[in-house]
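S.K.: What follows is the file data_34.pdb, containing PDB, C-alpha atoms and all ligand atoms:
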ATOM      1  CA  MET A 610      58.387 100.398 137.563  1.00  0.00           C
ATOM      2  CA  GLY A 611      56.670  98.169 140.055  1.00  0.00           C
ATOM      3  CA  THR A 612      56.807  95.956 143.096  1.00  0.00           C
ATOM      4  CA  PHE A 613      58.570  92.596 143.058  1.00  0.00           C
ATOM      5  CA  PRO A 614      58.680  89.906 145.755  1.00  0.00           C
ATOM      6  CA  LYS A 615      62.199  88.762 144.849  1.00  0.00           C
ATOM      7  CA  VAL A 616      65.201  89.904 142.842  1.00  0.00           C
ATOM      8  CA  GLU A 617      64.750  87.178 140.226  1.00  0.00           C
ATOM      9  CA  LEU A 618      61.470  88.829 139.224  1.00  0.00           C
ATOM     10  CA  CYS A 619      62.849  92.374 138.937  1.00  0.00           C
ATOM     11  CA  PRO A 620      63.046  93.456 135.289  1.00  0.00           C
ATOM     12  CA  THR A 621      66.574  93.539 133.927  1.00  0.00           C
ATOM     13  CA  THR A 622      67.751  96.918 132.750  1.00  0.00           C
ATOM     14  CA  LYS A 623      71.006  98.680 132.079  1.00  0.00           C
ATOM     15  CA  LEU A 624      70.058 101.789 134.052  1.00  0.00           C
ATOM     16  CA  PRO A 625      72.251 102.175 137.137  1.00  0.00           C
ATOM     17  CA  GLU A 626      70.299 101.370 140.281  1.00  0.00           C
ATOM     18  CA  PHE A 627      70.702 102.933 143.731  1.00  0.00           C
ATOM     19  CA  ALA A 628      69.246 100.941 146.620  1.00  0.00           C
ATOM     20  CA  PHE A 629      68.056 102.131 150.022  1.00  0.00           C
ATOM     21  CA  ILE A 630      68.239  99.701 152.907  1.00  0.00           C
ATOM     22  CA  GLY A 631      68.023  99.978 156.674  1.00  0.00           C
ATOM     23  CA  ARG A 632      66.080  98.954 159.758  1.00  0.00           C
ATOM     24  CA  SER A 633      62.350  99.056 159.592  1.00  0.00           C
ATOM     25  CA  ASN A 634      61.017 102.574 160.220  1.00  0.00           C
ATOM     26  CA  VAL A 635      64.436 104.228 159.701  1.00  0.00           C
ATOM     27  CA  GLY A 636      62.938 106.392 156.940  1.00  0.00           C
ATOM     28  CA  LYS A 637      63.874 104.682 153.642  1.00  0.00           C
ATOM     29  CA  SER A 638      60.612 105.391 151.858  1.00  0.00           C
ATOM     30  CA  SER A 639      60.473 108.951 153.241  1.00  0.00           C
ATOM     31  CA  LEU A 640      64.025 109.652 152.035  1.00  0.00           C
ATOM     32  CA  ILE A 641      63.158 108.371 148.568  1.00  0.00           C
ATOM     33  CA  ASN A 642      60.133 110.667 148.410  1.00  0.00           C
ATOM     34  CA  MET A 643      62.239 113.576 149.643  1.00  0.00           C
ATOM     35  CA  LEU A 644      64.954 112.947 147.039  1.00  0.00           C
ATOM     36  CA  CYS A 645      62.373 112.818 144.271  1.00  0.00           C
ATOM     37  CA  GLY A 646      60.397 115.793 145.547  1.00  0.00           C
ATOM     38  CA  ARG A 647      57.276 113.629 145.643  1.00  0.00           C
ATOM     39  CA  LYS A 648      55.052 113.179 148.678  1.00  0.00           C
ATOM     40  CA  ALA A 649      53.927 109.628 148.041  1.00  0.00           C
ATOM     41  CA  LEU A 650      56.081 107.970 145.420  1.00  0.00           C
ATOM     42  CA  ALA A 651      57.131 105.356 147.974  1.00  0.00           C
ATOM     43  CA  LYS A 652      54.617 104.340 150.652  1.00  0.00           C
ATOM     44  CA  THR A 653      55.556 105.452 154.167  1.00  0.00           C
ATOM     45  CA  SER A 654      54.069 104.655 157.553  1.00  0.00           C
ATOM     46  CA  SER A 655      54.664 105.284 161.240  1.00  0.00           C
ATOM     47  CA  THR A 656      54.088 101.538 161.710  1.00  0.00           C
ATOM     48  CA  PRO A 657      57.282  99.600 160.959  1.00  0.00           C
ATOM     49  CA  GLY A 658      57.117  96.942 158.275  1.00  0.00           C
ATOM     50  CA  LYS A 659      55.333  99.036 155.641  1.00  0.00           C
ATOM     51  CA  THR A 660      57.555  98.142 152.684  1.00  0.00           C
ATOM     52  CA  GLN A 661      57.325  94.380 152.125  1.00  0.00           C
ATOM     53  CA  ALA A 662      58.830  93.865 148.685  1.00  0.00           C
ATOM     54  CA  ILE A 663      61.368  95.359 146.293  1.00  0.00           C
ATOM     55  CA  ASN A 664      59.942  98.568 144.826  1.00  0.00           C
ATOM     56  CA  LEU A 665      61.681  99.976 141.776  1.00  0.00           C
ATOM     57  CA  PHE A 666      61.330 103.527 140.494  1.00  0.00           C
ATOM     58  CA  GLU A 667      62.767 104.882 137.277  1.00  0.00           C
ATOM     59  CA  ILE A 668      63.902 108.501 137.644  1.00  0.00           C
ATOM     60  CA  ASN A 669      64.243 110.873 134.676  1.00  0.00           C
ATOM     61  CA  GLY A 670      64.770 107.895 132.386  1.00  0.00           C
ATOM     62  CA  ASN A 671      68.455 107.654 133.376  1.00  0.00           C
ATOM     63  CA  TRP A 672      68.661 105.996 136.779  1.00  0.00           C
ATOM     64  CA  GLN A 673      66.676 103.765 139.088  1.00  0.00           C
ATOM     65  CA  LEU A 674      65.989 103.698 142.721  1.00  0.00           C
ATOM     66  CA  ALA A 675      65.082 100.656 144.829  1.00  0.00           C
ATOM     67  CA  ASP A 676      63.062 100.848 148.038  1.00  0.00           C
ATOM     68  CA  LEU A 677      63.507  97.668 150.088  1.00  0.00           C
ATOM     69  CA  PRO A 678      61.839  96.226 153.171  1.00  0.00           C
ATOM     70  CA  GLY A 679      63.414  96.989 156.523  1.00  0.00           C
ATOM     71  CA  TYR A 680      65.602  94.464 158.284  1.00  0.00           C
ATOM     72  CA  GLY A 681      65.673  93.527 161.938  1.00  0.00           C
ATOM     73  CA  TYR A 682      62.142  94.520 162.890  1.00  0.00           C
ATOM     74  CA  ALA A 683      61.562  92.747 166.214  1.00  0.00           C
ATOM     75  CA  LYS A 684      57.772  92.700 166.112  1.00  0.00           C
ATOM     76  CA  VAL A 685      57.318  90.469 163.103  1.00  0.00           C
ATOM     77  CA  SER A 686      57.761  86.706 163.361  1.00  0.00           C
ATOM     78  CA  LYS A 687      61.242  85.260 163.057  1.00  0.00           C
ATOM     79  CA  SER A 688      60.354  83.604 159.752  1.00  0.00           C
ATOM     80  CA  ILE A 689      59.168  86.899 158.177  1.00  0.00           C
ATOM     81  CA  ARG A 690      62.269  88.643 159.484  1.00  0.00           C
ATOM     82  CA  GLU A 691      64.450  85.959 157.945  1.00  0.00           C
ATOM     83  CA  GLN A 692      62.483  86.151 154.704  1.00  0.00           C
ATOM     84  CA  PHE A 693      63.099  89.922 154.463  1.00  0.00           C
ATOM     85  CA  GLY A 694      66.778  89.454 155.308  1.00  0.00           C
ATOM     86  CA  PHE A 695      67.093  86.808 152.613  1.00  0.00           C
ATOM     87  CA  MET A 696      65.256  88.991 150.055  1.00  0.00           C
ATOM     88  CA  ILE A 697      67.518  91.982 150.777  1.00  0.00           C
ATOM     89  CA  LYS A 698      70.788  90.039 150.714  1.00  0.00           C
ATOM     90  CA  ASN A 699      69.803  88.197 147.541  1.00  0.00           C
ATOM     91  CA  TYR A 700      68.917  91.491 145.915  1.00  0.00           C
ATOM     92  CA  LEU A 701      72.300  92.934 146.915  1.00  0.00           C
ATOM     93  CA  LYS A 702      74.200  89.915 145.611  1.00  0.00           C
ATOM     94  CA  LEU A 703      72.302  89.288 142.377  1.00  0.00           C
ATOM     95  CA  ARG A 704      71.097  92.646 141.051  1.00  0.00           C
ATOM     96  CA  THR A 705      73.470  93.171 138.138  1.00  0.00           C
ATOM     97  CA  ASN A 706      72.723  96.870 137.539  1.00  0.00           C
ATOM     98  CA  LEU A 707      73.067  97.762 141.260  1.00  0.00           C
ATOM     99  CA  PHE A 708      75.423 100.715 141.292  1.00  0.00           C
ATOM    100  CA  CYS A 709      75.552 101.409 144.977  1.00  0.00           C
ATOM    101  CA  THR A 710      73.606 101.036 148.185  1.00  0.00           C
ATOM    102  CA  PHE A 711      72.731 103.575 150.822  1.00  0.00           C
ATOM    103  CA  ILE A 712      72.497 102.093 154.315  1.00  0.00           C
ATOM    104  CA  LEU A 713      70.246 104.309 156.385  1.00  0.00           C
ATOM    105  CA  ILE A 714      70.986 104.791 160.068  1.00  0.00           C
ATOM    106  CA  ASP A 715      68.607 106.472 162.535  1.00  0.00           C
ATOM    107  CA  VAL A 716      70.876 109.190 163.927  1.00  0.00           C
ATOM    108  CA  ARG A 717      68.975 109.303 167.239  1.00  0.00           C
ATOM    109  CA  LEU A 718      70.074 105.808 168.273  1.00  0.00           C
ATOM    110  CA  SER A 719      73.320 104.409 169.606  1.00  0.00           C
ATOM    111  CA  PRO A 720      74.979 102.003 167.121  1.00  0.00           C
ATOM    112  CA  GLN A 721      72.583  99.073 166.625  1.00  0.00           C
ATOM    113  CA  GLU A 722      73.782  95.490 166.326  1.00  0.00           C
ATOM    114  CA  VAL A 723      71.590  94.742 163.267  1.00  0.00           C
ATOM    115  CA  ASP A 724      73.054  97.724 161.410  1.00  0.00           C
ATOM    116  CA  LEU A 725      76.628  96.756 162.234  1.00  0.00           C
ATOM    117  CA  GLU A 726      75.896  93.191 161.137  1.00  0.00           C
ATOM    118  CA  MET A 727      74.541  94.429 157.806  1.00  0.00           C
ATOM    119  CA  ILE A 728      77.534  96.738 157.302  1.00  0.00           C
ATOM    120  CA  ASN A 729      79.928  93.875 158.005  1.00  0.00           C
ATOM    121  CA  TRP A 730      78.002  91.598 155.652  1.00  0.00           C
ATOM    122  CA  MET A 731      78.326  94.262 152.924  1.00  0.00           C
ATOM    123  CA  GLY A 732      82.067  94.392 153.511  1.00  0.00           C
ATOM    124  CA  GLU A 733      82.463  90.609 153.411  1.00  0.00           C
ATOM    125  CA  ASN A 734      80.423  90.388 150.208  1.00  0.00           C
ATOM    126  CA  GLU A 735      82.123  93.399 148.606  1.00  0.00           C
ATOM    127  CA  VAL A 736      78.892  95.316 148.032  1.00  0.00           C
ATOM    128  CA  PRO A 737      79.793  99.021 147.813  1.00  0.00           C
ATOM    129  CA  PHE A 738      77.777 101.255 150.147  1.00  0.00           C
ATOM    130  CA  TYR A 739      77.372 104.699 151.663  1.00  0.00           C
ATOM    131  CA  ILE A 740      75.836 105.642 154.986  1.00  0.00           C
ATOM    132  CA  VAL A 741      72.921 108.054 155.285  1.00  0.00           C
ATOM    133  CA  PHE A 742      71.943 109.252 158.760  1.00  0.00           C
ATOM    134  CA  THR A 743      68.190 109.894 158.883  1.00  0.00           C
ATOM    135  CA  LYS A 744      65.883 112.009 161.075  1.00  0.00           C
ATOM    136  CA  THR A 745      68.547 114.638 161.831  1.00  0.00           C
ATOM    137  CA  ASP A 746      65.736 117.177 162.409  1.00  0.00           C
ATOM    138  CA  LYS A 747      64.916 115.355 165.645  1.00  0.00           C
ATOM    139  CA  LEU A 748      68.220 116.200 167.356  1.00  0.00           C
ATOM    140  CA  LYS A 749      70.028 119.332 168.438  1.00  0.00           C
ATOM    141  CA  VAL A 750      73.248 120.053 166.544  1.00  0.00           C
ATOM    142  CA  LYS A 751      75.423 119.002 169.487  1.00  0.00           C
ATOM    143  CA  GLU A 752      73.666 115.638 169.903  1.00  0.00           C
ATOM    144  CA  LEU A 753      73.780 115.112 166.172  1.00  0.00           C
ATOM    145  CA  GLU A 754      77.538 115.612 166.085  1.00  0.00           C
ATOM    146  CA  GLN A 755      78.031 113.354 169.124  1.00  0.00           C
ATOM    147  CA  ASN A 756      75.957 110.535 167.624  1.00  0.00           C
ATOM    148  CA  ILE A 757      77.680 110.692 164.266  1.00  0.00           C
ATOM    149  CA  GLU A 758      81.033 110.640 166.007  1.00  0.00           C
ATOM    150  CA  GLY A 759      79.879 107.713 168.173  1.00  0.00           C
ATOM    151  CA  PHE A 760      78.839 105.744 165.123  1.00  0.00           C
ATOM    152  CA  THR A 761      82.058 106.572 163.300  1.00  0.00           C
ATOM    153  CA  ASN A 762      84.121 105.404 166.280  1.00  0.00           C
ATOM    154  CA  LYS A 763      82.142 102.165 166.434  1.00  0.00           C
ATOM    155  CA  LEU A 764      82.898 101.501 162.762  1.00  0.00           C
ATOM    156  CA  LEU A 765      86.578 102.260 163.311  1.00  0.00           C
ATOM    157  CA  GLU A 766      86.713  99.354 165.774  1.00  0.00           C
ATOM    158  CA  THR A 767      86.435  96.966 162.802  1.00  0.00           C
ATOM    159  CA  TRP A 768      87.055  99.035 159.665  1.00  0.00           C
ATOM    160  CA  THR A 769      90.236 100.788 158.655  1.00  0.00           C
ATOM    161  CA  GLU A 770      88.521 102.821 155.972  1.00  0.00           C
ATOM    162  CA  LEU A 771      85.207 104.594 156.487  1.00  0.00           C
ATOM    163  CA  PRO A 772      82.391 104.773 153.942  1.00  0.00           C
ATOM    164  CA  TYR A 773      81.227 108.212 152.832  1.00  0.00           C
ATOM    165  CA  MET A 774      78.477 109.488 155.119  1.00  0.00           C
ATOM    166  CA  PHE A 775      75.537 111.790 154.416  1.00  0.00           C
ATOM    167  CA  ALA A 776      73.261 113.491 156.958  1.00  0.00           C
ATOM    168  CA  SER A 777      69.604 113.745 155.959  1.00  0.00           C
ATOM    169  CA  SER A 778      66.117 114.733 157.005  1.00  0.00           C
ATOM    170  CA  SER A 779      62.993 114.122 155.007  1.00  0.00           C
ATOM    171  CA  LYS A 780      61.383 116.949 156.986  1.00  0.00           C
ATOM    172  CA  THR A 781      63.955 119.715 156.360  1.00  0.00           C
ATOM    173  CA  PHE A 782      65.283 118.302 153.055  1.00  0.00           C
ATOM    174  CA  LEU A 783      68.801 118.208 154.496  1.00  0.00           C
ATOM    175  CA  GLY A 784      70.956 116.010 152.278  1.00  0.00           C
ATOM    176  CA  GLN A 785      68.729 116.225 149.214  1.00  0.00           C
ATOM    177  CA  GLU A 786      71.130 118.222 147.094  1.00  0.00           C
ATOM    178  CA  GLU A 787      74.227 116.388 148.276  1.00  0.00           C
ATOM    179  CA  ILE A 788      72.792 112.915 147.647  1.00  0.00           C
ATOM    180  CA  LEU A 789      71.352 113.897 144.250  1.00  0.00           C
ATOM    181  CA  ASP A 790      74.649 115.512 143.241  1.00  0.00           C
ATOM    182  CA  PHE A 791      76.396 112.303 144.201  1.00  0.00           C
ATOM    183  CA  VAL A 792      73.970 110.241 142.080  1.00  0.00           C
ATOM    184  CA  LYS A 793      74.350 112.610 139.117  1.00  0.00           C
ATOM    185  CA  SER A 794      78.134 112.519 139.322  1.00  0.00           C
ATOM    186  CA  ALA A 795      77.978 108.726 139.158  1.00  0.00           C
ATOM    187  CA  LEU A 796      75.758 108.564 136.050  1.00  0.00           C
TER     188      LEU A 796
HETATM  189  P1  LIG B   1      59.589 100.313 156.459  1.00  0.00           P
HETATM  190  O1  LIG B   1      59.076 100.418 155.065  1.00  0.00           O
HETATM  191  O2  LIG B   1      58.557  99.918 157.443  1.00  0.00           O
HETATM  192  O3  LIG B   1      60.825  99.485 156.573  1.00  0.00           O
HETATM  193  O4  LIG B   1      60.004 101.798 156.981  1.00  0.00           O
HETATM  194  P2  LIG B   1      60.822 102.945 156.231  1.00  0.00           P
HETATM  195  O5  LIG B   1      62.267 102.821 156.562  1.00  0.00           O
HETATM  196  O6  LIG B   1      60.473 102.998 154.785  1.00  0.00           O
HETATM  197  O7  LIG B   1      60.313 104.252 156.989  1.00  0.00           O
HETATM  198  P3  LIG B   1      59.256 105.352 156.502  1.00  0.00           P
HETATM  199  O8  LIG B   1      59.836 106.196 155.442  1.00  0.00           O
HETATM  200  O9  LIG B   1      57.948 104.693 156.242  1.00  0.00           O
HETATM  201  O10 LIG B   1      59.201 106.276 157.802  1.00  0.00           O
HETATM  202  C1  LIG B   1      58.888 105.761 159.086  1.00  0.00           C
HETATM  203  C2  LIG B   1      58.381 106.891 159.987  1.00  0.00           C
HETATM  204  O11 LIG B   1      59.444 107.801 160.270  1.00  0.00           O
HETATM  205  C3  LIG B   1      57.266 107.728 159.374  1.00  0.00           C
HETATM  206  O12 LIG B   1      56.349 108.066 160.397  1.00  0.00           O
HETATM  207  C4  LIG B   1      57.990 108.969 158.859  1.00  0.00           C
HETATM  208  O13 LIG B   1      57.165 110.111 158.827  1.00  0.00           O
HETATM  209  C5  LIG B   1      59.100 109.126 159.891  1.00  0.00           C
HETATM  210  N1  LIG B   1      60.282 109.773 159.297  1.00  0.00           N
HETATM  211  C6  LIG B   1      61.004 109.309 158.248  1.00  0.00           C
HETATM  212  N2  LIG B   1      62.036 110.134 157.960  1.00  0.00           N
HETATM  213  C7  LIG B   1      61.978 111.153 158.847  1.00  0.00           C
HETATM  214  C8  LIG B   1      62.771 112.332 159.080  1.00  0.00           C
HETATM  215  O14 LIG B   1      63.780 112.624 158.395  1.00  0.00           O
HETATM  216  N3  LIG B   1      62.394 113.135 160.093  1.00  0.00           N
HETATM  217  C9  LIG B   1      61.310 112.860 160.899  1.00  0.00           C
HETATM  218  N4  LIG B   1      61.036 113.700 161.888  1.00  0.00           N
HETATM  219  N5  LIG B   1      60.535 111.763 160.713  1.00  0.00           N
HETATM  220  C10 LIG B   1      60.858 110.913 159.705  1.00  0.00           C
HETATM  221 MG    MG B   2      59.424 101.723 153.614  1.00  0.00          MG
END
Would you mind giving the structure from this file in structure tokens?
M.R.:
Amino acid sequence: MGTFPKVELCPTTKLPEFAFIGRSNVGKSSLINMLCGRKALAKTSSTPGKTQAINLFEINGNWQLADLPGYGYAKVSKSIREQFGFMIKNYLKLRTNLFCTFILIDVRLSPQEVDLEMINWMGENEVPFYIVFTKTDKLKVKELEQNIEGFTNKLLETWTELPYMFASSSKTFLGQEEILDFVKSAL
């Protein structure tokens, strides 16, 4: 559908939209390609900061997917970081056909402050979301379980109810069926 620098310029449509947000380099664009079974629908890069605008993709004519820039990337200037943060939050608040948002979390890391801040912001602004752990192929099963439990416990410090959580890998296709089934059940 195209690339748009701010939500006000995104075409209005009635198709339900599913957004993918997360820290820079967490694997948003890769997950989108994996879900769609396409190698390069969304542009990916090992250098953080690849996605710089709102990218919309129409899938099968009955739903839409939004690839957004990463938040909290330390190596860009503070003003660019703030600009991305503003773009993402405005998108989340103003996009009328936004059905739900997937917050991607790199499963290899301990709970990151920027992710927790974003999750809390979603709660305060009543934006419904799900968690998707990415890069699960990079950990052994035991570590994977420990990290997911660690993240869950961190959330339980402030939340009484937990969001639904998916585990994914764009390398092994883990999570593809489960996430697509979830989308289909919502349409
Ligand atoms: P920005 O657009 O910069 O915010 O990044 P992004 O979140 O879209 O990340 P992107 O999909 O571009 O992936 C970043 C890097 O992580 C790339 O080198 C990917 O190949 C790698 N990567 C993404 N997902 C996975 C995964 O599930 N497993 C592994 N092993 N690598 C992954
Ligand atoms: Mg990207």
S.K.: Between A:Phe695, A:Phe742, A:Phe791, A:Phe775, which is the closest to Leu713 of chain A once you count only C-alpha atoms?
M.R.: A:Phe742
S.K.: Could you list, as a ChimeraX atom specification, all the residues within 8 Å of ligand LIG 1 (chain B), counting all atoms listed in the file?
M.R.: /A:630-641,651-661,676-680,743-747,777-782
S.K.: Between A:Gln785, A:Thr612, A:Ser688, A:Asn664, which has the minimum distance to Val741 of chain A (counting all atoms listed in the file)?
M.R.: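 Of A:Gln785, A:Thr612, A:Ser688, A:Asn664, the one nearest Val741 of chain A is A:Gln785, counting all atoms listed in the file.
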S.K.: May I have the residues within 10 Å of Lys702 of chain A as a PyMOL selection string, using only C-alpha atoms and disregarding those fewer than 6 positions away in the same chain?
M.R.: chain A and resi 616+731+734-736
S.K.: Tell me which residues the PyMOL selection byres (((chain A and resi 700) around 12) and not hetatm) grabs here, as a PyMOL selection string.
M.R.: chain A and resi 613-619+626-630+662-665+675-678+693-699+701-707+709-710+736
S.K.: With distances taken over all atoms listed in the file, which of A:Asn671, A:Asn642, A:Thr769, A:Asn729 is nearest to ligand MG 2 (chain B)?
M.R.: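 Nearest candidate to ligand MG 2 (chain B) out of A:Asn671, A:Asn642, A:Thr769, A:Asn729: A:Asn642.
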S.K.: Interatomic distance between atom CA of Ile788 of chain A and atom CA of Glu667 of chain A?
M.R.: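 We find that atom CA of Ile788 of chain A and atom CA of Glu667 of chain A lie 16.5 Å from each other.
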S.K.: So how many Å separate atom CA of Gly681 of chain A and atom CA of Asp715 of chain A, to one decimal?
M.R.: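 Pair atom CA of Gly681 of chain A / atom CA of Asp715 of chain A returns 13.3 Å.
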S.K.: Quick one: apply the PyMOL selection byres (((chain A and resi 756) around 9) and not hetatm) to the file and drop the selected residues here as a list in words.
M.R.: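 On the file shown, the PyMOL selection byres (((chain A and resi 756) around 9) and not hetatm) covers Val716, Arg717, Leu718, Ser719, Pro720, Lys751, Glu752, Leu753, Glu754, Gln755, Ile757, Glu758, Gly759, Phe760 and Thr761 of chain A.
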S.K.: Which residue is closest to ligand MG 2 (chain B)? Choose from A:Lys623, A:Ala649, A:Val750, A:Leu789 and count all atoms listed in the file.
M.R.: A:Ala649
S.K.: Quick check, in Å to one decimal: how far apart do atom CA of Gly784 of chain A and atom CA of Asn669 of chain A lie?
M.R.: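 Pair atom CA of Gly784 of chain A / atom CA of Asn669 of chain A returns 19.5 Å.
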S.K.: With all atoms listed in the file as the atoms that count, which of A:Tyr773, A:Phe666, A:Leu624, A:Trp768 lies nearest to Glu787 of chain A?
M.R.: A:Tyr773
S.K.: Translate the PyMOL selection byres (((chain A and resi 772) around 8) and not hetatm) into a concrete residue list for this structure, as an mmCIF file with C-alpha atoms, in the frame of the given file.
M.R.:
data_model
loop_
_atom_site.group_PDB
_atom_site.id
_atom_site.type_symbol
_atom_site.label_atom_id
_atom_site.label_comp_id
_atom_site.auth_asym_id
_atom_site.auth_seq_id
_atom_site.Cartn_x
_atom_site.Cartn_y
_atom_site.Cartn_z
ATOM 1 C CA PHE A 738 77.777 101.255 150.147
ATOM 2 C CA TYR A 739 77.372 104.699 151.663
ATOM 3 C CA ILE A 740 75.836 105.642 154.986
ATOM 4 C CA GLU A 770 88.521 102.821 155.972
ATOM 5 C CA LEU A 771 85.207 104.594 156.487
ATOM 6 C CA TYR A 773 81.227 108.212 152.832
ATOM 7 C CA MET A 774 78.477 109.488 155.119
#
S.K.: Have segment 731-738 of chain A completed to all heavy atoms, please, and pass it along as an mmCIF file, in the frame of the given file.
M.R.:
data_model
loop_
_atom_site.group_PDB
_atom_site.id
_atom_site.type_symbol
_atom_site.label_atom_id
_atom_site.label_comp_id
_atom_site.auth_asym_id
_atom_site.auth_seq_id
_atom_site.Cartn_x
_atom_site.Cartn_y
_atom_site.Cartn_z
ATOM 1 N N MET A 731 78.045 93.542 154.180
ATOM 2 C CA MET A 731 78.326 94.262 152.924
ATOM 3 C C MET A 731 79.830 94.208 152.632
ATOM 4 O O MET A 731 80.241 93.978 151.505
ATOM 5 C CB MET A 731 77.912 95.739 153.015
ATOM 6 C CG MET A 731 76.461 95.978 153.346
ATOM 7 S SD MET A 731 75.337 95.697 151.995
ATOM 8 C CE MET A 731 75.508 97.187 151.069
ATOM 9 N N GLY A 732 80.615 94.430 153.670
ATOM 10 C CA GLY A 732 82.067 94.392 153.511
ATOM 11 C C GLY A 732 82.537 93.018 153.053
ATOM 12 O O GLY A 732 83.287 92.897 152.090
ATOM 13 N N GLU A 733 82.048 91.982 153.752
ATOM 14 C CA GLU A 733 82.463 90.609 153.411
ATOM 15 C C GLU A 733 82.056 90.233 151.989
ATOM 16 O O GLU A 733 82.748 89.485 151.316
ATOM 17 C CB GLU A 733 81.820 89.606 154.378
ATOM 18 C CG GLU A 733 82.505 89.557 155.726
ATOM 19 C CD GLU A 733 81.582 89.039 156.827
ATOM 20 O OE1 GLU A 733 80.571 88.372 156.513
ATOM 21 O OE2 GLU A 733 81.876 89.332 158.002
ATOM 22 N N ASN A 734 80.918 90.741 151.544
ATOM 23 C CA ASN A 734 80.423 90.388 150.208
ATOM 24 C C ASN A 734 80.802 91.411 149.138
ATOM 25 O O ASN A 734 80.324 91.335 148.002
ATOM 26 C CB ASN A 734 78.902 90.193 150.244
ATOM 27 C CG ASN A 734 78.547 88.907 150.969
ATOM 28 O OD1 ASN A 734 78.556 87.836 150.391
ATOM 29 N ND2 ASN A 734 78.309 89.018 152.270
ATOM 30 N N GLU A 735 81.623 92.381 149.534
ATOM 31 C CA GLU A 735 82.123 93.399 148.606
ATOM 32 C C GLU A 735 81.017 94.136 147.864
ATOM 33 O O GLU A 735 81.081 94.335 146.656
ATOM 34 C CB GLU A 735 83.123 92.770 147.629
ATOM 35 C CG GLU A 735 84.338 92.225 148.387
ATOM 36 C CD GLU A 735 85.357 91.541 147.484
ATOM 37 O OE1 GLU A 735 85.108 91.446 146.283
ATOM 38 O OE2 GLU A 735 86.402 91.129 148.012
ATOM 39 N N VAL A 736 79.974 94.497 148.601
ATOM 40 C CA VAL A 736 78.892 95.316 148.032
ATOM 41 C C VAL A 736 79.184 96.768 148.428
ATOM 42 O O VAL A 736 79.207 97.078 149.622
ATOM 43 C CB VAL A 736 77.502 94.891 148.570
ATOM 44 C CG1 VAL A 736 76.398 95.690 147.895
ATOM 45 C CG2 VAL A 736 77.259 93.401 148.393
ATOM 46 N N PRO A 737 79.462 97.642 147.450
ATOM 47 C CA PRO A 737 79.793 99.021 147.813
ATOM 48 C C PRO A 737 78.609 99.748 148.453
ATOM 49 O O PRO A 737 77.470 99.562 148.030
ATOM 50 C CB PRO A 737 80.142 99.683 146.471
ATOM 51 C CG PRO A 737 79.939 98.658 145.412
ATOM 52 C CD PRO A 737 79.437 97.407 146.008
ATOM 53 N N PHE A 738 78.884 100.544 149.482
ATOM 54 C CA PHE A 738 77.777 101.255 150.147
ATOM 55 C C PHE A 738 78.205 102.592 150.728
ATOM 56 O O PHE A 738 79.400 102.874 150.902
ATOM 57 C CB PHE A 738 77.189 100.385 151.264
ATOM 58 C CG PHE A 738 78.148 100.151 152.405
ATOM 59 C CD1 PHE A 738 78.169 101.005 153.507
ATOM 60 C CD2 PHE A 738 79.035 99.093 152.376
ATOM 61 C CE1 PHE A 738 79.059 100.799 154.555
ATOM 62 C CE2 PHE A 738 79.930 98.872 153.417
ATOM 63 C CZ PHE A 738 79.943 99.724 154.501
#
